[in-house]
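Next comes model_13.cif, with mmCIF, C-alpha atoms and all ligand atoms.
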data_work
loop_
_atom_site.label_atom_id
_atom_site.label_comp_id
_atom_site.auth_asym_id
_atom_site.auth_seq_id
_atom_site.Cartn_x
_atom_site.Cartn_y
_atom_site.Cartn_z
CA MET A 187 1.72 130.03 -83.65
CA LEU A 188 1.81 128.30 -87.04
CA SER A 189 4.27 125.44 -87.54
CA SER A 190 6.89 125.93 -90.25
CA GLY A 191 5.21 123.12 -92.16
CA LYS A 192 1.94 125.07 -92.13
CA ILE A 193 3.75 128.23 -93.32
CA ALA A 194 5.33 126.29 -96.22
CA HIS A 195 1.91 124.85 -97.06
CA THR A 196 0.30 128.33 -97.06
CA ALA A 197 3.08 129.71 -99.27
CA ALA A 198 2.60 126.84 -101.73
CA ALA A 199 -1.15 127.53 -101.93
CA MET A 200 -0.47 131.25 -102.48
CA ARG A 201 2.05 130.41 -105.18
CA THR A 202 -0.50 128.32 -107.07
CA ALA A 203 -3.17 131.01 -106.81
CA LEU A 204 -1.14 134.20 -107.36
CA VAL A 205 2.12 133.68 -109.26
CA GLY A 206 2.07 134.81 -112.88
CA LEU A 207 -1.04 136.97 -112.44
CA PRO A 208 -1.32 140.77 -112.61
CA THR A 209 -2.10 142.46 -109.29
CA LEU A 210 -5.55 144.06 -109.20
CA ARG A 211 -5.19 145.42 -105.68
CA PHE A 212 -2.32 145.87 -103.26
CA ASP A 213 -2.88 147.35 -99.82
CA ALA A 214 -0.23 147.30 -97.14
CA MET A 215 -1.95 149.13 -94.32
CA SER A 216 0.28 151.57 -92.44
CA THR A 217 3.30 150.69 -94.59
CA ILE A 218 4.65 153.71 -96.47
CA GLY A 219 7.32 151.88 -98.50
CA PRO A 220 7.28 151.43 -102.28
CA ALA A 221 4.26 149.55 -103.67
CA PRO A 222 4.13 147.44 -106.84
CA VAL A 223 2.78 149.44 -109.77
CA GLU A 224 -0.74 148.63 -110.87
CA ARG A 225 -1.12 145.34 -112.75
CA SER A 226 2.47 144.31 -112.16
CA VAL A 227 2.81 140.53 -112.14
CA ILE A 228 3.56 138.46 -109.04
CA GLU A 229 6.79 136.66 -109.84
CA SER A 230 7.53 134.51 -106.83
CA ILE A 231 6.42 133.64 -103.30
CA THR A 232 9.10 132.23 -101.04
CA VAL A 233 9.58 131.32 -97.40
CA LYS A 234 12.61 132.39 -95.40
CA ARG A 235 12.45 131.05 -91.86
CA ARG A 236 9.14 132.46 -90.55
CA GLU A 237 8.86 135.10 -93.27
CA ILE A 238 6.80 134.96 -96.43
CA LEU A 239 8.20 137.05 -99.27
CA VAL A 240 6.24 138.12 -102.33
CA GLN A 241 8.13 139.52 -105.32
CA TRP A 242 6.69 141.45 -108.26
CA ASP A 243 8.13 141.80 -111.73
CA ASP A 244 8.76 145.53 -111.16
CA GLY A 245 11.33 144.68 -108.48
CA ILE A 246 9.15 145.33 -105.42
CA VAL A 247 9.51 142.83 -102.61
CA LEU A 248 7.02 142.44 -99.77
CA SER A 249 8.37 140.77 -96.67
CA THR A 250 6.00 139.66 -93.91
CA ALA A 251 7.60 138.40 -90.72
CA LEU A 252 4.95 136.21 -89.12
CA ARG A 253 6.67 135.65 -85.75
CA LEU A 254 4.14 134.25 -83.27
CA SER A 255 0.96 136.03 -84.29
CA GLY A 256 1.01 136.55 -88.06
CA GLU A 257 -0.66 134.40 -90.71
CA TRP A 258 -1.63 134.53 -94.37
CA HIS A 259 -5.09 133.45 -95.55
CA LEU A 260 -6.09 132.73 -99.12
CA TYR A 261 -9.70 133.38 -100.14
CA ARG A 262 -11.84 133.20 -103.23
CA THR A 263 -12.78 136.74 -104.32
CA ASP A 264 -16.28 136.67 -102.80
CA GLU A 265 -15.49 134.50 -99.78
CA MET A 266 -15.93 135.82 -96.19
CA TRP A 267 -12.68 136.42 -94.28
CA ARG A 268 -12.20 134.29 -91.16
CA LYS A 269 -10.63 137.20 -89.23
CA GLU A 270 -11.67 140.80 -88.61
CA THR A 271 -10.86 143.26 -91.41
CA TYR A 272 -9.02 145.62 -89.06
CA ARG A 273 -6.45 142.91 -88.34
CA ALA A 274 -5.40 142.75 -91.99
CA ARG A 275 -1.90 144.13 -92.60
CA VAL A 276 -1.69 143.33 -96.33
CA VAL A 277 -4.26 142.55 -99.01
CA ILE A 278 -3.23 141.27 -102.44
CA GLU A 279 -5.91 140.63 -105.01
CA VAL A 280 -5.62 138.91 -108.38
CA GLU A 281 -8.27 137.53 -110.71
CA GLY A 282 -10.31 135.08 -108.61
CA TRP A 283 -8.23 135.22 -105.41
CA VAL A 284 -7.49 137.45 -102.42
CA ALA A 285 -4.51 136.81 -100.14
CA VAL A 286 -4.69 138.54 -96.75
CA CYS A 287 -1.93 138.78 -94.17
CA PHE A 288 -3.29 139.16 -90.62
CA ASP A 289 -1.49 140.35 -87.50
CA ALA A 290 2.07 140.11 -88.86
CA PRO A 291 4.26 142.18 -86.51
CA ILE A 292 6.59 143.34 -89.30
CA VAL A 293 5.52 144.17 -92.82
CA GLU A 294 8.10 145.75 -95.11
CA THR A 295 8.38 146.56 -98.77
CA TYR A 296 11.53 147.47 -100.63
CA ARG A 297 12.89 147.63 -104.13
CA GLN A 298 15.36 145.15 -105.51
CA PRO A 299 17.05 146.55 -108.61
CA ASP A 300 17.46 144.00 -111.38
CA ARG A 301 19.66 145.01 -114.26
CA LYS A 302 18.76 141.92 -116.26
CA ARG A 303 15.39 143.45 -116.99
CA HIS A 304 16.93 146.52 -118.59
CA PRO A 305 19.79 145.37 -120.78
CA GLN A 306 19.75 148.74 -122.60
CA SER A 307 20.81 150.70 -119.54
CA GLY A 308 24.48 151.03 -120.53
CA GLY A 309 26.21 154.14 -121.86
CA VAL A 310 25.79 157.70 -120.66
CA GLY A 311 22.56 158.74 -118.94
CA PRO A 312 20.17 161.43 -120.25
CA ASN A 313 21.53 164.98 -120.22
CA ILE A 314 19.15 166.74 -117.86
CA SER A 315 20.61 170.19 -118.43
CA GLN A 316 18.83 170.11 -121.80
CA PRO A 317 15.11 170.75 -122.22
CA ASN A 318 12.93 167.87 -123.52
CA THR A 319 15.30 165.24 -122.24
CA ASP A 320 14.21 161.70 -121.36
CA LEU A 321 13.37 162.17 -117.68
CA SER A 322 11.57 158.84 -117.33
CA GLY A 323 14.61 157.08 -118.81
CA CYS A 324 16.69 158.80 -116.17
CA THR A 325 14.27 157.72 -113.41
CA GLN A 326 14.50 154.16 -114.73
CA ARG A 327 18.30 154.27 -114.52
CA LEU A 328 18.04 155.33 -110.87
CA LEU A 329 15.57 152.52 -110.16
CA ASP A 330 17.85 149.99 -111.88
CA TYR A 331 21.01 151.16 -110.14
CA ARG A 332 23.05 148.05 -109.52
CA TYR A 333 24.34 148.83 -106.04
CA ALA A 334 21.44 148.90 -103.61
CA ASP A 335 23.77 150.14 -100.86
CA ALA A 336 25.09 153.13 -102.84
CA MET A 337 24.38 156.62 -101.47
CA ILE A 338 22.13 158.82 -103.56
CA ALA A 339 24.69 161.67 -103.42
CA ASP A 340 27.24 159.44 -105.19
CA VAL A 341 24.76 158.02 -107.67
CA LEU A 342 23.76 161.51 -108.86
CA MET A 343 27.41 162.02 -109.89
CA ASP A 344 27.43 158.78 -111.93
CA GLU A 345 27.29 159.66 -115.63
CA THR A 346 25.75 156.30 -116.55
CA VAL A 347 22.66 157.46 -114.62
CA VAL A 348 22.48 161.16 -115.38
CA SER A 349 24.66 163.56 -117.34
CA GLY A 350 24.77 167.35 -117.57
CA PHE A 351 24.40 167.53 -113.81
CA GLY A 352 26.91 169.54 -111.79
CA ASN A 353 28.12 169.33 -108.24
CA VAL A 354 26.35 172.53 -107.13
CA ALA A 355 23.06 171.26 -108.59
CA ARG A 356 23.51 168.00 -106.66
CA SER A 357 23.51 169.67 -103.23
CA GLU A 358 20.71 172.05 -104.27
CA THR A 359 18.51 169.22 -105.60
CA LEU A 360 18.85 167.02 -102.52
CA TRP A 361 18.01 170.01 -100.33
CA ALA A 362 15.01 170.95 -102.51
CA VAL A 363 13.47 167.48 -102.16
CA GLY A 364 14.41 167.19 -98.45
CA LEU A 365 16.23 163.91 -98.96
CA SER A 366 19.34 162.88 -97.03
CA PRO A 367 22.41 162.75 -99.32
CA PHE A 368 23.29 159.55 -97.44
CA ALA A 369 20.03 157.74 -98.29
CA LYS A 370 20.62 154.33 -99.84
CA MET A 371 19.28 153.47 -103.28
CA ALA A 372 17.25 150.48 -102.01
CA ASP A 373 15.26 152.79 -99.73
CA LEU A 374 14.10 155.12 -102.52
CA SER A 375 10.61 154.52 -103.91
CA TYR A 376 9.61 154.99 -107.52
CA GLU A 377 8.09 158.32 -106.52
CA ASP A 378 11.28 159.43 -104.73
CA CYS A 379 13.29 158.74 -107.90
CA ALA A 380 10.79 160.46 -110.21
CA VAL A 381 10.57 163.59 -108.02
CA LEU A 382 14.35 163.68 -107.67
CA VAL A 383 14.92 163.55 -111.44
CA GLU A 384 12.25 166.15 -112.14
CA THR A 385 13.73 168.51 -109.52
CA ALA A 386 17.29 167.84 -110.70
CA SER A 387 16.32 168.75 -114.25
CA ARG A 388 14.55 171.95 -113.15
CA ILE A 389 17.55 173.02 -111.05
CA ALA A 390 20.15 172.05 -113.70
CA GLN A 391 18.32 174.30 -116.17
CA SER A 392 17.96 177.22 -113.76
CA ASP A 393 20.41 179.85 -112.62
CA HIS A 394 20.94 177.90 -109.39
CA GLU A 395 24.54 178.95 -108.87
CA ALA A 396 23.53 182.60 -108.42
CA SER A 397 21.83 182.18 -105.04
CA PRO A 398 22.31 178.66 -103.69
CA SER A 399 20.23 177.40 -100.75
CA VAL A 400 22.96 175.16 -99.29
CA TYR A 401 25.98 175.00 -101.61
CA GLY A 402 28.95 176.91 -100.17
CA ARG A 403 26.93 177.91 -97.09
CA ASN A 404 28.72 175.72 -94.54
CA GLY A 405 27.87 176.78 -90.97
CA GLN A 406 25.13 179.18 -92.09
CA ARG A 407 21.41 178.98 -91.28
CA CYS A 408 19.11 176.93 -93.49
CA ASN A 409 16.46 179.11 -95.16
CA ARG A 410 13.81 176.48 -94.59
CA CYS A 411 14.30 175.27 -91.00
CA HIS A 412 17.05 177.48 -89.49
CA GLY A 413 19.23 174.41 -88.96
CA THR A 414 22.99 174.70 -89.50
CA ILE A 415 24.23 173.69 -92.93
CA GLU A 416 26.98 171.08 -92.97
CA PHE A 417 29.73 170.24 -95.39
CA LYS A 418 31.57 167.09 -96.33
CA SER A 419 33.90 166.03 -99.12
CA VAL A 420 32.57 162.77 -100.60
CA GLY A 421 33.03 160.32 -103.49
CA HIS A 422 35.80 159.54 -105.99
CA PRO A 423 37.01 162.03 -106.99
CA ARG A 424 36.10 163.92 -103.85
CA ARG A 425 33.56 166.68 -104.35
CA ASN A 426 32.04 169.12 -101.89
CA LEU A 427 28.61 168.25 -100.61
CA TYR A 428 26.46 170.64 -98.57
CA TRP A 429 23.25 169.73 -96.79
CA CYS A 430 21.04 170.66 -93.85
CA PRO A 431 20.92 167.75 -91.38
CA GLU A 432 17.80 169.22 -89.74
CA CYS A 433 15.44 169.15 -92.70
CA GLN A 434 17.24 166.59 -94.90
CA GLY A 435 16.97 163.62 -92.58
CA ARG A 436 14.62 161.58 -94.72
CA LEU A 437 15.79 157.99 -95.31
CA ASP A 438 19.00 158.63 -93.38
CA ARG A 439 19.91 155.39 -91.62
CA ARG A 440 22.60 157.16 -89.61
CA LEU A 441 19.88 158.96 -87.64
CA ILE A 442 18.51 155.78 -86.13
CA PRO A 443 19.11 155.89 -82.38
CA ASN A 444 21.52 153.19 -81.16
CA GLN A 445 19.03 151.51 -78.86
CA LEU A 446 16.81 150.74 -81.84
CA LEU A 447 19.68 148.96 -83.57
CA GLN A 448 20.01 146.53 -80.68
CA GLY A 449 17.67 143.62 -80.06
CA ASP A 450 16.43 141.36 -82.80
CA HIS A 451 14.75 143.92 -85.01
CA THR A 452 16.82 146.44 -86.92
CA PRO A 453 14.62 148.92 -88.74
CA THR A 454 15.47 148.81 -92.41
CA HIS A 455 12.18 149.70 -93.98
CA PRO A 456 11.78 153.20 -95.48
CA ALA A 457 8.47 153.65 -93.64
CA GLU A 458 10.12 152.95 -90.35
CA LEU A 459 13.17 155.06 -91.14
CA MET A 460 10.89 157.86 -92.22
CA TYR A 461 8.92 157.55 -89.00
CA ILE A 462 12.10 157.69 -86.92
CA ALA A 463 13.53 160.55 -88.97
CA ASP A 464 10.24 162.45 -88.67
CA ALA A 465 10.15 161.87 -84.93
CA ILE A 466 13.68 163.22 -84.57
CA ALA A 467 12.85 166.20 -86.79
CA ALA A 468 9.69 166.90 -84.77
CA ARG A 469 11.69 166.83 -81.54
CA LYS A 470 14.19 169.28 -83.00
CA ARG A 471 11.45 171.61 -84.28
CA ARG A 472 9.91 171.48 -80.84
CA LYS A 473 13.26 172.42 -79.31
CA ILE A 474 13.66 175.36 -81.69
CA PHE A 475 10.16 176.47 -80.73
CA ASP A 476 10.94 176.13 -77.00
CA ASP A 477 14.22 178.02 -77.43
CA LEU A 478 12.44 180.84 -79.22
CA HIS A 479 9.77 180.83 -76.54
CA GLN A 480 12.39 181.19 -73.79
CA ILE A 481 14.06 184.03 -75.64
CA GLY A 482 10.61 185.59 -75.62
ZN ZN A 501 17.04 172.91 -93.08
#

Could you render the structure from this file as structure tokens?
Amino acid sequence: MLSSGKIAHTAAAMRTALVGLPTLRFDAMSTIGPAPVERSVIESITVKRREILVQWDDGIVLSTALRLSGEWHLYRTDEMWRKETYRARVVIEVEGWVAVCFDAPIVETYRQPDRKRHPQSGGVGPNISQPNTDLSGCTQRLLDYRYADAMIADVLMDETVVSGFGNVARSETLWAVGLSPFAKMADLSYEDCAVLVETASRIAQSDHEASPSVYGRNGQRCNRCHGTIEFKSVGHPRRNLYWCPECQGRLDRRLIPNQLLQGDHTPTHPAELMYIADAIAARKRRKIFDDLHQIG
């Protein structure tokens, strides 16, 4: 186990080598969370107890909890690593240097919205019911949303993010992308936001009210997974929200089993939440299959 002095020393060396430089390579093995976009600049490297945090200028934060086994090494680009490659959990490369995190038990990435970087993001958001609207501007507004804890279902109704988007289209869009309406903004990756905006625009411009997949179908079967569609009145003012809990579990923190919330590690990382949500979904699919099998 490294002493805290050694961790501080390592972080200082990484700071000198990496901060202010564009990232040439970022690999976080077996971590599905958001990654810094190519060539984004490393802004800071900090230590919080036994964690080393790396922050990029696009708002991505990498947190590596070193606990007893983890350590960061800093190498010159062509230098041999002092540990086996398969033990690497993260590799960050900049001009001249490679930083490698070995054996860290917990590696997480998440997005930290920073409104200071986008002072222009006031006013009403792009009207996505119109063709040729600024979809990337809309994605950016989602990424910059100031409340990391806000639910995506509420944020889609916020006119400073997106306009021309109705309540029926909201339920239909979240169903189409398979995302939980209760997912928190901080857990959404750049790709999640981009896909969401693209789908929202397609649905807003279609005749989606004619044959909705979930809206108004409370208690009926989901066309995709045969789960039972649920209904809830949410937000201010309260609006009807319909979703299928069976196939819209992605990034839903409420689905984390209680026993996983006890102990010293609470899963907060999208990758982990996704894994848990997928595991629950797989169990349910299996049950549906077994039920059908018994029916014959
Ligand atoms: Zn479903």

*What do you get as an MDAnalysis selection string if you pick all residues at most 9 Å from ligand ZN 501 (chain A), counting all atoms listed in the file?*
chainID A and resid 361 364 400 407:415 429:434

*Excluding Thr232 of chain A and residues on its chain fewer than 3 positions from it, collect all residues at most 9 Å away from it, counting only C-alpha atoms, and give them as a ChimeraX atom specification.*
/A:194,197-198,201,237-241

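Using all atoms listed in the file, the protein and nucleic acid residues lying at most 7 Å from the point (20.1, 149.8, -106.6) are A:Gln298, A:Pro299, A:Leu329, A:Asp330, A:Tyr331, A:Arg332, A:Tyr333, A:Ala334, A:Asp335, A:Met371, A:Ala372.
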
_So the first atom is atom CA of Arg436 of chain A and the second is atom CA of Glu294 of chain A; what is the distance between them in Å, to one decimal place?_
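Atom CA of Glu294 of chain A lies at a distance of 17.1 Å from atom CA of Arg436 of chain A.
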
_Could you check the closest approach to Ile314 of chain A for each of A:Leu342, A:Leu441, A:Leu188, A:Val286 and tell me which residue wins, using only C-alpha atoms?_
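Using only C-alpha atoms, the shortest distance to Ile314 of chain A belongs to A:Leu342.
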
*Please measure the separation of atom CA of Ser357 of chain A and atom CA of Gly435 of chain A, giving the value in Å to one decimal.*
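The value is 13.9 Å.
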
*How far is it from atom CA of Ser399 of chain A to atom CA of Arg439 of chain A, in Å with one decimal?*
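Calculated distance between atom CA of Ser399 of chain A and atom CA of Arg439 of chain A is 23.8 Å.
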